[in-house]
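Have a look at the structure below before the remarks.
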Amino acid sequence: MSHTPASTSDNDFASGGAEAIATARELISETIQILESGNIQSDVEILLKVLFITNTLIDEFQNTGHTKYLDIAIEGVSHIVHLMPETLSDMTGVILALLGPTFLTRFEQLAKIEDLKQTVDCLIRARSLGEEMSEDVELRLNAIGFAYTNQFGISNDPTDLDIAVIAFSGLVTLTSDDQDGMREYLNNLGQSYQTRFQQRGDMDDINHSIAAYTKAKSITPEAHNSFPVILNGLSTSYLIRLERTGNPSDVSSAISHCEHAVKLTPQDHPDLSNRLCILGDAWASKFQHFGDVEALNQAINYQEESLRIPRSQDAPSLVILNNLGNKYKLRFRRLGNTDDLDRAIKYYNQTVLESMENDALLPFRLANLASAYCARSSYTHTGADIQTSVHLIKQALSIANKNHKDWPSLLSNAGTTYKDLFEETGNIHDIDTSIEHLSEAISGAPQDHYELPMWLSNIGGSYQHRFEYLKHTQDIDKAVEFHSRAVSLTPKGYPELPLRLHNLGASYQVRFNHTGQTNDLNDAICFKLQASELVQPDHSDRSAFLANLGTSYISRFGISNDLNDLELATKYGSEALELIPDNHVLKMVQYNNLGNAYTTRFEELEDIASLEKSIELKKAAVFRAPPDHVYLPVFLLNLGTSQQRFFEKTGNRSFLDSSLEIFSRTAQHPTGHPFIRFGAALKWARLSLMHKASADLEAYDIAISLVPELVWLGASISQRFENVRDLEDIAAEAAAAAIKVQKYEMALEWLEAGRSIVRNQMLQLRTPLDTLSATHPDLADELHTISKKLYSAGLLNLSESSSKLVDIERSAQQQHQLAKGYKDIITLIRQKPGFESFLIAKKASELIQRVVHGPLVVVNVHKSRCDALIIIPGCHTIKHVALVDFSLEKATEIRLRLEGLLSYFGIRQRSASRRPDLSFQEEQAQDNRHDAQSAMSTLWHTMTKCVLASLGYGLPPEGALPHITWCTTGVLSQLPIHASGDYNNPDTRLYNYAISSYVATIGSINPKTSSNNETKLLAICQADTPGQSNLPGTIEELSSIRECIQKPLELTEIQGPDVTAQVVLDAMDKHDWVHLACHAEQNVHEPAESGFFFHGGLLTLSAIIGKSFKSKGLAFLSACQTAKGDKSMPDEMIHLASGLQMAGYANVIATLWSVMDDDAPVIAMHVYKLLLRDGRMKGELTAEALHLAVGELRELVGETAFERWAPFVHIGS
């Protein structure tokens, strides 16, 4: 279109050119002087000067091609125009009429859009002053408009459209309505605005397009051959605007103008085909907005007709084919006839095959074909169709222009495709990709976009799918949020409203299944009922709506016990089953759902016929499901459950054998969701345990092996804790079953693998890789990098780190991908010789070898039985002690009695003025202590004493006490075993027999002793923290520590306002030991957000875990509840003390509950007297030092003052 010559100066021109420039500059200067002086003798003289300037310089330009001449002319004449007085307005108009074409000439050379704008501006100003545009300029502007319109079709450069719009809008402004060219210019302007809207999506453009076409129509006689063309353009613009606004009046206008255009078009006219196609689009839009199937049939008829009749050579046949595909796909969605979908695929495929490779619309044609294959896959669940869809959508995304206005639509299409792929594969990466594409579509689209409600509904569905896989609560909350937004943005009466209402109801149902909140269930039924009432009787979605409504009534029956709910469930479920075509994938799903309804009916009415009907329906579901289908394990689990109930009701053992076989098959099914397989494994194990001599231990082995998938590394720590709660006490249950058949090693391994899951995952990510580095350094480096990123990602609080949907989702997906990468590289490492067992759960033989510092007692507490497994250093076998008099109920009762004692004394946080006035309530205080004393006696006689007897500790030793390390499960992990004893008799307390320590798992035991190189102790003191009660005892603690320091030991003290979380973490990194004397809290809702209170804020558990200290010694946590775990998941041992261990401290002194401010200095003084004696830090003596210190405190407060001395514990080996 243009060229840009090299820059020049006046000296570069030939003598003639230089002379012309000099003359022009002189004349410009003279004219400016005249105008500035105001001494204008003759306006003609000024005009002649300007004429000479422009003509001379333009002539030189035309002779040489140097735009420098144009630059000088434009600069000079523009200055002159600026100085022209109002009294010479006529002359100003003439000069502007000269300046405008000069700008135009330079635009034709350099294609700078500003020159074209100046051209039009000058000509409009000139016209306002009486000077009309010349015919030459008119032709040139028109040619520019056409040229750049055509060039856009090749370049896809939006600037080309801007130029076309400026040229045509200038012509329209500069032309009178009665001039011959006006209708052509308006038509071209309408088309340019229409095209630019399709490129950019600016609503002003489509409104301007309609305005231009409307004016063109008003000045054009109906008999004129351009009248139908204008009508067609106007109709198309109305339809395009409709897609953004959804305004029904646009549909009526489009149809009216289209029908008028077709009526005026002769049968043999080459444009008839295109006009029929546009009329078909208009009728289809009416269907989309009013749900009238006849309108859709009319649309298909018009477009089929447009395809049959002869077309002009340049008629857009690809548009007709694509539109036909759209219409057939719409009718399939409405009526569910797969023949329509096959026709859609045929037409879409033809458009793709006939498209040029550089066609800007090819990506969207590929996406349409992908969506048709995707729809057919959803109907039939044919694996080949979904794979074809994914291939096509990938190709579309790779070649599409991201600046195109329909880019968000393409992303949404891709998101839906990947959601359906996830349904087929269960691969978390696919649903992540779906959400990623949909998030980008929503974030990048105008908030008034017509398709936004659909995209919101789609992303709501994707979040719901991911929730059902990962069980992360925020996903189902987002699903409800997006579905709600979709419904709120959908107009009443819009055909898609029933679907969006149903989707919203479904998301509420899923959330109710997770939380049990009745409000969610009521909302689910409310929205599903609305959807079922609004949907057309012949709509293909009606069956799904009824089926899911029936499911909600089953749920409500479980709460209401109202038989009417049960009757409605079976009624709607049966009606849905009848409506679903036999070849539809929903048929097998509804057989299963209706079977569940009949199971519920049996449970309520004890009607054996209902149970038989349930089994019949569920068998039909299993029979219809392909062997590798993701739904099959769900169907199997439900069928097995019904057959189990039939056995329990009738005693027919063939149903017992069948259910066991089904549960086994489900637990081992390769495509089953981990939660489904886990549930099946538990049913298999428990059923065999109840009705056979012993449990099938393979079932428990499968259940334990699934734990890492259920508590996935790809989730944040908070999410993983949430998942842990769903596991209940699987490790204790499995271990009890193994112990029952004397499989002690297996029990030990399962307890190790099924407890402290999150803690073990975090520690595994920090496993030293020395051996791997020696032989495979590249793999070691890669594993270290992934592990470090995954460790940090798990601690990230996404809700606080970003408020943008795309950013939050991207962070979550990065963690998902890191988890996948971690799993992949571990698999690769295990393929290397000598690394077959790399990071695989430890065998019992390996665990036993870690016990070197006295006996380890693992106490398993389960409702079926209680046992102790004892490992003695140097002994390769596990000693078993059946705790026949101990039980889960007794352990729970002991905890309740202790809680009563603590509640009476108001023990919540470390404080100097926390306790009641005992002078008035001494009797009640003694009653509470008596209950605690009784509880400790029960623990002694039923558990502790039995363990001591097995160890041969018949009498308290006269010399040094042995060291017992306790590793407990369930509620027992919250009890002070070291305080157990019969306090009514002498020498019947555990502390008389042994020193006690605690560990969360055997793997957490560090068999190495402390380093002799430890010399630096950090002491943090917070006597007065904002918002907390004062702790004067912390100052005394610090003084006690100071007195124990001898060279070469170094003590660093940080206290007062200087203490912040980051200051403490930095200081901990530089010291071997740390002493924290302050307030602390245990956050029961977000365990990872528990922490220590400082002047500068809270040092959280997640921040501590996030540090990776190396070879640290002792962490003394002189604060409250630092070893108090979460009641809802006691086996996780997630508290501040465990956080310090995870951060790298081998020994931790912590508290099970709050402590008195006066007591902490006593403990600190006696602990450090022993540990820092002789100027050496003796971390290996921590357990002994604490034992002696607690003994000193016990002497001061009395041995039955359990609330005072019992909370102090040592965690470590």
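Chain labels A, B, ... are given in the sequence in which chains occur in the structure tokens; within each chain residues are numbered consecutively from 1, and ligands are likewise numbered from 1 in the order shown.
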
Close residues, A:Leu27 itself excluded, 9 Å, only C-alpha atoms, min 5 positions apart in chain, as a ChimeraX atom specification: /A:22,32,49-50,52-53

Residue contacts of stretch 460-464 of chain A (7 Å, only C-alpha atoms) excluding same-chain residues fewer than 4 positions away, as a ChimeraX atom specification: /A:419,431,434-435,456,468,475-476,478-480,482-483,507

Which of A:Thr214, A:Lys117, A:Leu397, A:Ile848 sits closest to A:Ile166 [using only C-alpha atoms]: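 Closest to A:Ile166 of all the choices is A:Lys117.
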
For stretch 1136-1141 of chain A: contacts at 7 Å, only C-alpha atoms, fewer than 6 positions along chain excluded, given as a list in words: Gly1091, Leu1101, Ile1104, Ile1105, Thr1122, Ala1123, Val1148 and Ala1150 of chain A

For A:Ile786: contacts at 12 Å, only C-alpha atoms, fewer than 2 positions along chain excluded, given as number ranges by chain: A: 713-714, 765-766, 779-784, 788-793, 814-826

Spatial neighbours of stretch 996-1007 of chain A, max dist 7 Å, only C-alpha atoms, sep filter under 5 positions, as a ChimeraX atom specification: /A:752,756,847,850-852,963-967,978,1133,1146,1183,1209-1213

A:Thr245, A:Asn232, A:Thr988, A:Gln1055 ranked by distance to A:Gly201, top pick (using only C-alpha atoms):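 Of the candidates, the smallest distance to A:Gly201 is held by A:Thr245.
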
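For the pair atom CA of A:Ile428 and atom CA of A:Pro633, the interatomic distance is 17.9 Å.
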
Computed interatomic separation between atom CA of A:Cys526 and atom CA of A:Tyr553 (Å): 10.9 Å
